[in-house]
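Content type mmCIF, C-alpha atoms, from the file start.cif:
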```cif
data_final
loop_
_atom_site.label_atom_id
_atom_site.label_comp_id
_atom_site.auth_asym_id
_atom_site.auth_seq_id
_atom_site.Cartn_x
_atom_site.Cartn_y
_atom_site.Cartn_z
CA MET R 6 -21.60 -46.20 3.50
CA ASN R 7 -21.38 -42.81 1.84
CA VAL R 8 -20.21 -43.56 -1.68
CA GLY R 9 -19.20 -41.21 -4.46
CA ILE R 10 -19.25 -41.91 -8.19
CA VAL R 11 -17.14 -39.72 -10.47
CA GLY R 12 -18.45 -40.21 -14.00
CA THR R 13 -22.09 -41.00 -14.76
CA GLY R 14 -21.84 -42.54 -18.20
CA MET R 15 -23.53 -45.85 -18.94
CA MET R 16 -21.50 -47.79 -16.38
CA GLY R 17 -21.17 -45.15 -13.66
CA SER R 18 -24.87 -44.33 -13.64
CA GLN R 19 -25.89 -48.00 -13.30
CA ILE R 20 -23.41 -48.56 -10.48
CA ALA R 21 -24.78 -45.49 -8.68
CA LEU R 22 -28.37 -46.72 -8.97
CA ARG R 23 -27.37 -50.21 -7.83
CA LEU R 24 -25.65 -48.84 -4.72
CA VAL R 25 -28.72 -46.77 -3.86
CA GLN R 26 -30.78 -49.98 -4.16
CA LYS R 27 -28.40 -51.63 -1.69
CA GLY R 28 -29.03 -48.91 0.87
CA HIS R 29 -26.02 -46.64 0.46
CA LYS R 30 -26.08 -42.86 0.26
CA VAL R 31 -24.56 -41.92 -3.08
CA ALA R 32 -23.15 -38.67 -4.43
CA VAL R 33 -22.27 -38.34 -8.12
CA PHE R 34 -20.25 -35.96 -10.23
CA ASN R 35 -20.17 -35.62 -14.00
CA LYS R 36 -18.53 -32.92 -16.10
CA ASP R 37 -21.87 -32.64 -17.94
CA ARG R 38 -23.97 -31.86 -14.89
CA SER R 39 -27.24 -32.51 -16.70
CA LYS R 40 -26.37 -36.23 -16.92
CA ALA R 41 -25.79 -36.36 -13.19
CA GLU R 42 -28.97 -34.44 -12.39
CA LYS R 43 -31.06 -37.11 -14.14
CA LEU R 44 -30.05 -39.51 -11.36
CA ARG R 45 -30.93 -37.26 -8.42
CA THR R 46 -33.20 -38.78 -5.75
CA SER R 47 -33.55 -38.47 -1.99
CA SER R 48 -30.68 -40.96 -1.64
CA LEU R 49 -28.58 -39.74 -4.55
CA SER R 50 -27.13 -36.23 -4.56
CA VAL R 51 -25.10 -34.33 -7.15
CA ALA R 52 -21.72 -32.85 -6.24
CA ASN R 53 -20.28 -29.67 -7.72
CA ARG R 54 -16.70 -30.98 -7.88
CA PRO R 55 -14.89 -34.30 -7.46
CA ALA R 56 -13.22 -32.76 -4.40
CA ASP R 57 -16.63 -32.48 -2.71
CA ILE R 58 -17.13 -36.22 -3.16
CA GLY R 59 -13.68 -36.85 -1.69
CA CYS R 60 -14.48 -34.79 1.40
CA ASN R 61 -17.87 -36.32 2.14
CA CYS R 62 -17.60 -40.01 1.16
CA ASP R 63 -15.97 -43.14 2.57
CA ILE R 64 -15.42 -44.58 -0.91
CA ALA R 65 -15.09 -42.82 -4.28
CA LEU R 66 -15.31 -44.74 -7.56
CA ILE R 67 -13.88 -43.27 -10.76
CA CYS R 68 -15.76 -44.40 -13.89
CA VAL R 69 -14.54 -42.20 -16.74
CA LYS R 70 -13.45 -42.93 -20.29
CA ASP R 71 -9.64 -42.71 -20.34
CA TYR R 72 -6.38 -41.75 -18.63
CA GLU R 73 -6.76 -38.07 -19.45
CA ALA R 74 -10.18 -38.00 -17.79
CA VAL R 75 -8.85 -39.93 -14.76
CA THR R 76 -6.07 -37.39 -14.22
CA LYS R 77 -8.46 -34.45 -14.61
CA VAL R 78 -10.97 -35.64 -12.03
CA SER R 79 -8.17 -36.79 -9.74
CA PHE R 80 -5.43 -34.17 -9.79
CA GLU R 81 -6.57 -30.95 -11.44
CA LYS R 82 -8.11 -28.06 -9.52
CA GLY R 83 -11.20 -29.29 -7.68
CA GLY R 84 -10.13 -32.91 -8.15
CA LEU R 85 -10.47 -35.80 -5.74
CA ILE R 86 -6.99 -35.24 -4.38
CA GLU R 87 -8.12 -31.88 -2.92
CA ASN R 88 -9.76 -33.18 0.24
CA PRO R 89 -8.88 -33.44 3.94
CA ASN R 90 -10.50 -36.87 4.34
CA ALA R 91 -7.70 -39.19 5.49
CA ASP R 92 -10.05 -42.20 5.49
CA LEU R 93 -11.07 -41.93 1.83
CA VAL R 94 -10.43 -44.92 -0.45
CA VAL R 95 -10.44 -44.18 -4.19
CA ILE R 96 -11.47 -47.06 -6.47
CA GLN R 97 -10.17 -46.45 -9.99
CA CYS R 98 -12.44 -48.43 -12.34
CA SER R 99 -11.62 -46.86 -15.71
CA THR R 100 -9.77 -48.94 -18.30
CA ILE R 101 -6.33 -47.39 -18.71
CA ALA R 102 -2.88 -48.71 -19.62
CA PRO R 103 -0.87 -50.63 -17.01
CA ASP R 104 1.86 -47.96 -16.83
CA GLU R 105 -0.81 -45.27 -16.48
CA SER R 106 -2.42 -47.13 -13.58
CA HIS R 107 0.89 -47.13 -11.73
CA ARG R 108 1.31 -43.38 -12.20
CA VAL R 109 -2.20 -42.67 -10.93
CA ALA R 110 -1.77 -44.92 -7.87
CA ASP R 111 1.66 -43.48 -7.05
CA HIS R 112 0.30 -39.92 -7.19
CA TYR R 113 -2.59 -40.72 -4.85
CA ILE R 114 -0.34 -42.57 -2.43
CA SER R 115 2.21 -39.74 -2.42
CA LYS R 116 -0.58 -37.46 -1.16
CA GLY R 117 -1.59 -39.91 1.59
CA ILE R 118 -4.76 -41.13 -0.17
CA LYS R 119 -5.48 -44.84 -0.44
CA MET R 120 -6.33 -46.15 -3.91
CA ILE R 121 -7.11 -49.50 -5.48
CA SER R 122 -7.46 -50.36 -9.15
CA VAL R 123 -10.63 -52.27 -10.02
CA PRO R 124 -11.17 -52.77 -13.77
CA ILE R 125 -14.73 -53.86 -14.54
CA LEU R 126 -15.91 -56.73 -16.72
CA GLY R 127 -19.55 -56.76 -17.81
CA GLY R 128 -22.03 -54.47 -19.50
CA ILE R 129 -24.67 -52.10 -18.24
CA SER R 130 -27.26 -54.87 -17.71
CA ALA R 131 -24.79 -56.73 -15.48
CA ALA R 132 -24.17 -53.49 -13.57
CA GLU R 133 -27.92 -53.01 -13.12
CA ARG R 134 -28.24 -56.54 -11.68
CA GLY R 135 -25.11 -56.27 -9.55
CA GLU R 136 -23.41 -59.05 -11.52
CA LEU R 137 -20.19 -57.41 -12.68
CA ILE R 138 -16.86 -59.24 -12.58
CA LEU R 139 -14.15 -57.20 -10.86
CA ILE R 140 -10.35 -57.45 -10.95
CA ALA R 141 -9.02 -55.71 -7.84
CA ALA R 142 -5.44 -54.70 -7.04
CA GLY R 143 -3.80 -52.49 -4.46
CA ALA R 144 -3.05 -52.39 -0.75
CA LYS R 145 -4.95 -55.14 1.10
CA ALA R 146 -6.21 -52.79 3.82
CA ALA R 147 -7.75 -50.47 1.22
CA TYR R 148 -9.28 -53.44 -0.58
CA ASP R 149 -10.75 -54.81 2.65
CA LYS R 150 -12.47 -51.50 3.40
CA SER R 151 -13.87 -51.36 -0.14
CA GLU R 152 -14.95 -54.99 -0.37
CA PRO R 153 -18.53 -54.52 0.93
CA ILE R 154 -19.18 -51.93 -1.79
CA LEU R 155 -17.54 -54.08 -4.45
CA LYS R 156 -19.65 -57.08 -3.43
CA ASP R 157 -22.82 -55.01 -3.82
CA ILE R 158 -22.09 -54.42 -7.52
CA SER R 159 -20.56 -57.75 -8.52
CA LYS R 160 -21.03 -61.50 -8.62
CA GLN R 161 -17.30 -62.26 -8.45
CA ILE R 162 -14.18 -60.38 -7.40
CA PHE R 163 -10.62 -61.41 -8.17
CA TYR R 164 -8.23 -59.76 -5.72
CA ILE R 165 -4.85 -60.31 -7.36
CA GLY R 166 -2.51 -58.51 -4.95
CA SER R 167 -0.82 -55.14 -4.87
CA SER R 168 0.10 -54.65 -8.55
CA HIS R 169 -2.12 -52.04 -10.17
CA SER R 170 -0.62 -52.70 -13.60
CA THR R 171 -1.46 -56.42 -13.41
CA ALA R 172 -5.15 -55.66 -12.95
CA CYS R 173 -5.18 -53.39 -16.01
CA THR R 174 -3.21 -55.91 -18.08
CA LEU R 175 -5.73 -58.63 -17.29
CA LYS R 176 -8.64 -56.36 -18.23
CA LEU R 177 -7.04 -55.56 -21.58
CA ALA R 178 -6.41 -59.27 -22.21
CA VAL R 179 -10.12 -59.97 -21.70
CA ASN R 180 -11.07 -57.15 -24.07
CA ILE R 181 -8.71 -58.55 -26.71
CA ASN R 182 -10.72 -61.78 -26.53
CA ILE R 183 -14.04 -59.93 -26.70
CA SER R 184 -12.95 -58.01 -29.80
CA LEU R 185 -11.76 -61.14 -31.60
CA ILE R 186 -14.84 -63.21 -30.72
CA SER R 187 -17.08 -60.39 -31.95
CA LEU R 188 -15.14 -60.10 -35.18
CA ALA R 189 -15.28 -63.86 -35.79
CA LEU R 190 -19.05 -63.81 -35.21
CA ALA R 191 -19.43 -60.88 -37.60
CA GLU R 192 -17.47 -62.63 -40.34
CA GLY R 193 -19.49 -65.83 -39.92
CA LEU R 194 -22.69 -63.82 -40.32
CA ILE R 195 -21.35 -62.05 -43.39
CA PHE R 196 -20.32 -65.38 -44.91
CA VAL R 197 -23.80 -66.88 -44.64
CA LYS R 198 -25.58 -63.65 -45.56
CA GLY R 199 -23.35 -63.27 -48.61
CA ASN R 200 -24.45 -66.74 -49.69
CA ASN R 201 -28.16 -65.85 -49.37
CA ILE R 202 -28.71 -67.71 -46.09
CA ASP R 203 -30.76 -66.27 -43.24
CA PRO R 204 -28.19 -65.19 -40.60
CA ASN R 205 -30.67 -66.02 -37.84
CA ILE R 206 -30.39 -69.71 -38.77
CA PHE R 207 -26.61 -69.49 -38.45
CA ILE R 208 -26.97 -67.97 -34.96
CA LYS R 209 -29.38 -70.70 -33.87
CA ILE R 210 -27.05 -73.44 -35.09
CA LEU R 211 -23.96 -71.85 -33.53
CA ASN R 212 -25.72 -71.41 -30.20
CA SER R 213 -26.70 -75.08 -30.13
CA THR R 214 -23.04 -76.13 -30.23
CA TYR R 215 -20.11 -76.28 -27.83
CA PHE R 216 -18.69 -73.23 -29.62
CA LYS R 217 -21.39 -70.81 -28.53
CA THR R 218 -20.34 -67.80 -26.45
CA GLY R 219 -22.08 -65.22 -24.32
CA ILE R 220 -21.60 -62.84 -27.22
CA SER R 221 -23.19 -65.18 -29.75
CA GLU R 222 -26.13 -65.82 -27.40
CA ASN R 223 -26.74 -62.24 -26.27
CA LYS R 224 -25.50 -60.19 -29.21
CA GLY R 225 -25.82 -62.66 -32.10
CA PRO R 226 -29.57 -62.25 -32.74
CA LYS R 227 -29.17 -58.46 -32.59
CA ILE R 228 -26.27 -58.44 -35.04
CA ALA R 229 -28.21 -60.73 -37.40
CA ASN R 230 -30.93 -58.08 -37.48
CA ASP R 231 -28.58 -55.08 -37.64
CA GLU R 232 -29.38 -53.87 -34.12
CA TYR R 233 -26.48 -52.07 -32.44
CA THR R 234 -27.88 -50.27 -29.41
CA PRO R 235 -24.73 -49.65 -27.35
CA SER R 236 -23.84 -51.45 -24.14
CA PHE R 237 -20.15 -50.75 -24.79
CA HIS R 238 -19.28 -48.17 -27.42
CA LEU R 239 -17.17 -49.14 -30.41
CA LYS R 240 -14.92 -46.11 -29.73
CA ASN R 241 -14.08 -47.59 -26.32
CA MET R 242 -13.12 -50.90 -27.91
CA VAL R 243 -10.79 -48.99 -30.25
CA LYS R 244 -9.26 -47.23 -27.23
CA ASP R 245 -8.70 -50.52 -25.41
CA LEU R 246 -7.16 -52.23 -28.43
CA ASN R 247 -4.83 -49.25 -28.83
CA LEU R 248 -3.81 -49.60 -25.17
CA ALA R 249 -3.33 -53.35 -25.52
CA LEU R 250 -1.07 -53.04 -28.56
CA ARG R 251 0.93 -50.23 -26.98
CA THR R 252 1.44 -52.36 -23.89
CA ALA R 253 2.40 -55.36 -26.05
CA HIS R 254 4.95 -53.22 -27.90
CA ASN R 255 6.46 -52.06 -24.61
CA SER R 256 6.69 -55.71 -23.53
CA ARG R 257 8.29 -56.72 -26.87
CA LEU R 258 5.32 -58.93 -27.75
CA ILE R 259 3.80 -59.54 -31.19
CA LEU R 260 -0.02 -59.87 -31.36
CA PRO R 261 -0.79 -60.10 -35.09
CA THR R 262 -4.46 -61.05 -34.77
CA THR R 263 -5.09 -58.26 -32.30
CA ALA R 264 -3.39 -55.81 -34.65
CA SER R 265 -5.64 -56.95 -37.50
CA ALA R 266 -8.71 -56.56 -35.30
CA GLN R 267 -7.62 -53.08 -34.27
CA ALA R 268 -7.41 -52.07 -37.94
CA VAL R 269 -10.96 -53.24 -38.62
CA TYR R 270 -12.40 -51.57 -35.51
CA ARG R 271 -10.57 -48.34 -36.29
CA ALA R 272 -11.92 -48.39 -39.85
CA SER R 273 -15.43 -48.92 -38.44
CA GLU R 274 -14.93 -45.86 -36.25
CA VAL R 275 -13.80 -43.75 -39.20
CA PHE R 276 -17.01 -44.67 -41.04
CA GLY R 277 -19.26 -43.29 -38.34
CA LEU R 278 -19.89 -46.12 -35.87
CA SER R 279 -18.04 -44.69 -32.84
CA ASN R 280 -21.13 -44.32 -30.69
CA MET R 281 -22.76 -47.59 -31.69
CA ASP R 282 -22.20 -50.89 -29.91
CA TYR R 283 -18.79 -52.48 -30.45
CA THR R 284 -20.51 -55.28 -32.38
CA SER R 285 -21.42 -52.75 -35.10
CA VAL R 286 -18.08 -53.73 -36.62
CA ALA R 287 -20.34 -56.25 -38.40
CA SER R 288 -22.19 -53.36 -40.04
CA PHE R 289 -18.96 -51.95 -41.40
CA LEU R 290 -17.92 -55.34 -42.78
CA LEU R 291 -21.33 -55.86 -44.37
CA LYS R 292 -21.04 -52.50 -46.10
CA LEU R 293 -17.52 -53.38 -47.20
CA ASN R 294 -18.96 -56.47 -48.86
CA GLY R 295 -21.69 -54.54 -50.64
CA ASN R 296 -24.55 -54.84 -48.13
CA ASN R 297 -26.49 -51.83 -46.88
CA ALA R 298 -26.39 -52.75 -43.22
CA TYR R 299 -26.20 -49.35 -41.60
CA ALA R 300 -25.98 -45.75 -42.73
CA LEU R 301 -22.31 -45.36 -43.63
CA GLU R 302 -20.63 -43.19 -46.23
CA GLU R 303 -20.36 -44.89 -49.60
CA ILE R 304 -17.27 -47.04 -49.99
CA PRO R 305 -16.28 -49.39 -52.85
CA LYS R 306 -17.82 -52.85 -53.05
CA THR R 307 -15.06 -55.36 -52.30
CA ARG R 308 -16.73 -58.77 -52.09
CA GLY R 309 -14.14 -61.48 -51.44
CA LEU R 310 -11.23 -59.00 -51.26
CA LEU R 311 -8.94 -58.94 -48.23
CA ILE R 312 -8.04 -55.35 -47.44
CA ALA R 313 -5.10 -54.26 -45.30
CA PHE R 314 -6.35 -51.14 -43.57
#
```
Kindly present the structure from the file in structure tokens form.
Amino acid sequence: MNVGIVGTGMMGSQIALRLVQKGHKVAVFNKDRSKAEKLRTSSLSVANRPADIGCNCDIALICVKDYEAVTKVSFEKGGLIENPNADLVVIQCSTIAPDESHRVADHYISKGIKMISVPILGGISAAERGELILIAAGAKAAYDKSEPILKDISKQIFYIGSSHSTACTLKLAVNINISLISLALAEGLIFVKGNNIDPNIFIKILNSTYFKTGISENKGPKIANDEYTPSFHLKNMVKDLNLALRTAHNSRLILPTTASAQAVYRASEVFGLSNMDYTSVASFLLKLNGNNAYALEEIPKTRGLLIAF
């Protein structure tokens, strides 16, 4: 197929390269054209506008950071919606709020363009291997046309029906779990490190038990050695926790642990870790407890003190 990718950040670029590997012709667009140009090959072209991708592709995937970016590449001048291609299917992959996903889908459908919501689970290494987990929602006919492309980038797809908001709600629920597991791992590491125990021993013991997780296995050794090369930026975790709590509020739900996690991640962002991996929340907590884990601004030593941010 001819496939377009709008947004060539860490995820979008890996999906584009994976689809080229699988034999598709791919066109990409990024607002910072230099990032898109780095991907150019004989099978991967660079478009001037999202509208050009809409005109020339069977499938267009949107992989941008937030709702504002989705609406810009979709509906502003030169956006995907400006195309005469009646057969185009838009796959909206960005993590946005459930109510936002409905608005985006309704706008596309009102213009006669088919759209499905497909939030993505998995990091850039999973994207590179074609092992993402996808949650797909939207009209079945549009999903069926997109399924071959989705299979080329994933190891499992959950098609959950027509509700775009349900797909986004499920994605946010997973990210709530990721944030809490990461925070628990960070606090366990701080606890042993603060008692003069090698954190690598803690990771080895944890990963030998029933309570190990993918995060403790893949990220644990890196956190223990203060390595936070990003696979998912901390600023994006903050965004998703904000969306989750806003959605919970609208649903009259109380998520106290999620709210506490949001406060810690937001504090980590304030102290300069936005563009590090989301697990760098451990670095902030180490600094809070008087350890020089990463280059943050000086803040008071507060060993053993619970702070309400």
* Asked: Counting all atoms listed in the file, what is within 10 Å of range 186-197 of chain R, bar same-chain residues fewer than 4 positions away, as a ChimeraX atom specification?
  -> /R:180-182,201-208,211,217-221,224-225,228-229,266,269-270,283-292,294,296,309
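Of the residues listed (R:His107, R:Lys40, R:His112, R:Lys156), R:His112 shows the shortest atom-to-atom separation from Ile86 in chain R; distances use only C-alpha atoms.
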* Selection dump of the PyMOL selection byres ((chain R and resi 48-50) around 6), as a list in words ->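 Checked against the file, the PyMOL selection byres ((chain R and resi 48-50) around 6) matches Lys30, Val31, Ala32, Arg45, Thr46, Ser47 and Val51 of chain R.
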Contacts of Ala91 in chain R at 9 Å or less, counting only C-alpha atoms, minus same-chain residues fewer than 4 places along, as a PDB file with C-alpha atoms, in the frame of the given file?
```
ATOM      1  CA  GLY R 117      -1.590 -39.910   1.590  1.00  0.00           C
ATOM      2  CA  ILE R 118      -4.760 -41.130  -0.170  1.00  0.00           C
ATOM      3  CA  LYS R 119      -5.480 -44.840  -0.440  1.00  0.00           C
TER       4      LYS R 119
END
```
How big is the axis-aligned box around all listed atoms of range 131-142 of chain R once 4 Å goes on each side, and where's its centre, in Å to one decimal, as AutoDock Vina command-line options?
```
--center_x -16.8 --center_y -56.1 --center_z -11.3 --size_x 30.8 --size_y 14.2 --size_z 16.4
```
* **Matched chain/residue IDs from the PyMOL selection byres ((chain R and resi 238) around 8), as a ChimeraX atom specification** => /R:235-237,239-242,279-283
* Decode the PyMOL selection byres ((chain R and resi 163) around 12) for the given file into explicit residues and return them as a ChimeraX atom specification. => /R:122-126,137-143,148,152,155-156,159-162,164-166,171-172,175-176
* Exercise: Glu87 in chain R partners within 8 Å, all atoms listed in the file, chain neighbours under 5 positions left out, as a PyMOL selection string -> chain R and resi 56+59+80+82
Export of range 96-108 of chain R: all heavy atoms, as a CSV table (one decimal), in the first residue's frame:
```csv
chain,number,residue,atom,x,y,z
R,96,ILE,N,-5.7,6.9,10.4
R,96,ILE,CA,-5.6,6.1,11.6
R,96,ILE,C,-5.0,7.1,12.6
R,96,ILE,O,-3.8,7.5,12.5
R,96,ILE,CB,-4.6,4.9,11.4
R,96,ILE,CG1,-5.2,4.0,10.3
R,96,ILE,CG2,-4.4,4.2,12.7
R,96,ILE,CD1,-4.2,2.8,10.0
R,97,GLN,N,-5.7,7.5,13.6
R,97,GLN,CA,-5.3,8.4,14.6
R,97,GLN,C,-4.7,7.7,15.8
R,97,GLN,O,-5.4,7.0,16.6
R,97,GLN,CB,-6.5,9.2,15.1
R,97,GLN,CG,-6.2,10.6,15.7
R,97,GLN,CD,-5.2,10.6,16.8
R,97,GLN,OE1,-4.0,10.7,16.7
R,97,GLN,NE2,-5.8,10.3,18.0
R,98,CYS,N,-3.3,7.7,15.9
R,98,CYS,CA,-2.6,7.0,16.9
R,98,CYS,C,-2.2,7.8,18.1
R,98,CYS,O,-1.7,7.2,19.1
R,98,CYS,CB,-1.3,6.4,16.2
R,98,CYS,SG,-1.6,5.3,14.9
R,99,SER,N,-2.3,9.1,18.1
R,99,SER,CA,-1.8,9.9,19.2
R,99,SER,C,-2.7,9.7,20.4
R,99,SER,O,-3.9,9.4,20.3
R,99,SER,CB,-1.9,11.4,18.8
R,99,SER,OG,-1.2,11.6,17.6
R,100,THR,N,-2.1,9.8,21.6
R,100,THR,CA,-2.8,9.6,22.8
R,100,THR,C,-3.5,11.0,23.2
R,100,THR,O,-2.8,11.9,23.5
R,100,THR,CB,-1.9,9.2,24.0
R,100,THR,OG1,-1.3,8.0,23.6
R,100,THR,CG2,-2.7,9.0,25.3
R,101,ILE,N,-4.8,11.0,23.1
R,101,ILE,CA,-5.6,12.2,23.4
R,101,ILE,C,-6.7,11.7,24.3
R,101,ILE,O,-6.9,10.5,24.6
R,101,ILE,CB,-6.1,12.9,22.2
R,101,ILE,CG1,-7.0,11.9,21.3
R,101,ILE,CG2,-5.0,13.4,21.3
R,101,ILE,CD1,-7.6,12.6,20.1
R,102,ALA,N,-7.5,12.7,24.9
R,102,ALA,CA,-8.6,12.4,25.8
R,102,ALA,C,-9.7,11.7,25.0
R,102,ALA,O,-9.9,11.9,23.8
R,102,ALA,CB,-9.1,13.6,26.5
R,103,PRO,N,-10.5,10.9,25.7
R,103,PRO,CA,-11.7,10.3,25.1
R,103,PRO,C,-12.6,11.2,24.4
R,103,PRO,O,-13.1,11.0,23.3
R,103,PRO,CB,-12.3,9.5,26.2
R,103,PRO,CG,-11.2,9.2,27.2
R,103,PRO,CD,-10.3,10.4,27.1
R,104,ASP,N,-13.0,12.3,25.1
R,104,ASP,CA,-13.9,13.3,24.4
R,104,ASP,C,-13.2,14.0,23.2
R,104,ASP,O,-13.9,14.2,22.2
R,104,ASP,CB,-14.3,14.3,25.5
R,104,ASP,CG,-13.2,15.1,26.1
R,104,ASP,OD1,-12.1,14.6,26.1
R,104,ASP,OD2,-13.4,16.2,26.6
R,105,GLU,N,-11.9,14.2,23.3
R,105,GLU,CA,-11.2,14.7,22.1
R,105,GLU,C,-11.2,13.8,20.9
R,105,GLU,O,-11.4,14.2,19.8
R,105,GLU,CB,-9.8,15.1,22.5
R,105,GLU,CG,-9.7,16.2,23.6
R,105,GLU,CD,-8.3,16.3,24.2
R,105,GLU,OE1,-7.5,15.4,24.0
R,105,GLU,OE2,-8.0,17.4,24.8
R,106,SER,N,-11.1,12.5,21.2
R,106,SER,CA,-11.1,11.5,20.1
R,106,SER,C,-12.4,11.5,19.4
R,106,SER,O,-12.5,11.3,18.2
R,106,SER,CB,-10.8,10.1,20.7
R,106,SER,OG,-11.8,9.6,21.5
R,107,HIS,N,-13.5,11.7,20.1
R,107,HIS,CA,-14.8,11.7,19.5
R,107,HIS,C,-15.0,12.9,18.6
R,107,HIS,O,-15.5,12.9,17.5
R,107,HIS,CB,-15.9,11.8,20.6
R,107,HIS,CG,-16.6,10.5,20.8
R,107,HIS,ND1,-17.1,9.7,19.8
R,107,HIS,CD2,-16.9,9.8,22.0
R,107,HIS,CE1,-17.7,8.6,20.3
R,107,HIS,NE2,-17.5,8.7,21.6
R,108,ARG,N,-14.5,14.1,19.1
R,108,ARG,CA,-14.5,15.3,18.3
R,108,ARG,C,-13.8,15.2,17.0
R,108,ARG,O,-14.2,15.6,15.9
R,108,ARG,CB,-14.1,16.5,19.1
R,108,ARG,CG,-15.0,16.9,20.2
R,108,ARG,CD,-14.7,18.4,20.6
R,108,ARG,NE,-13.5,18.5,21.3
R,108,ARG,CZ,-13.3,18.3,22.6
R,108,ARG,NH1,-14.3,17.9,23.4
R,108,ARG,NH2,-12.1,18.4,23.2
```
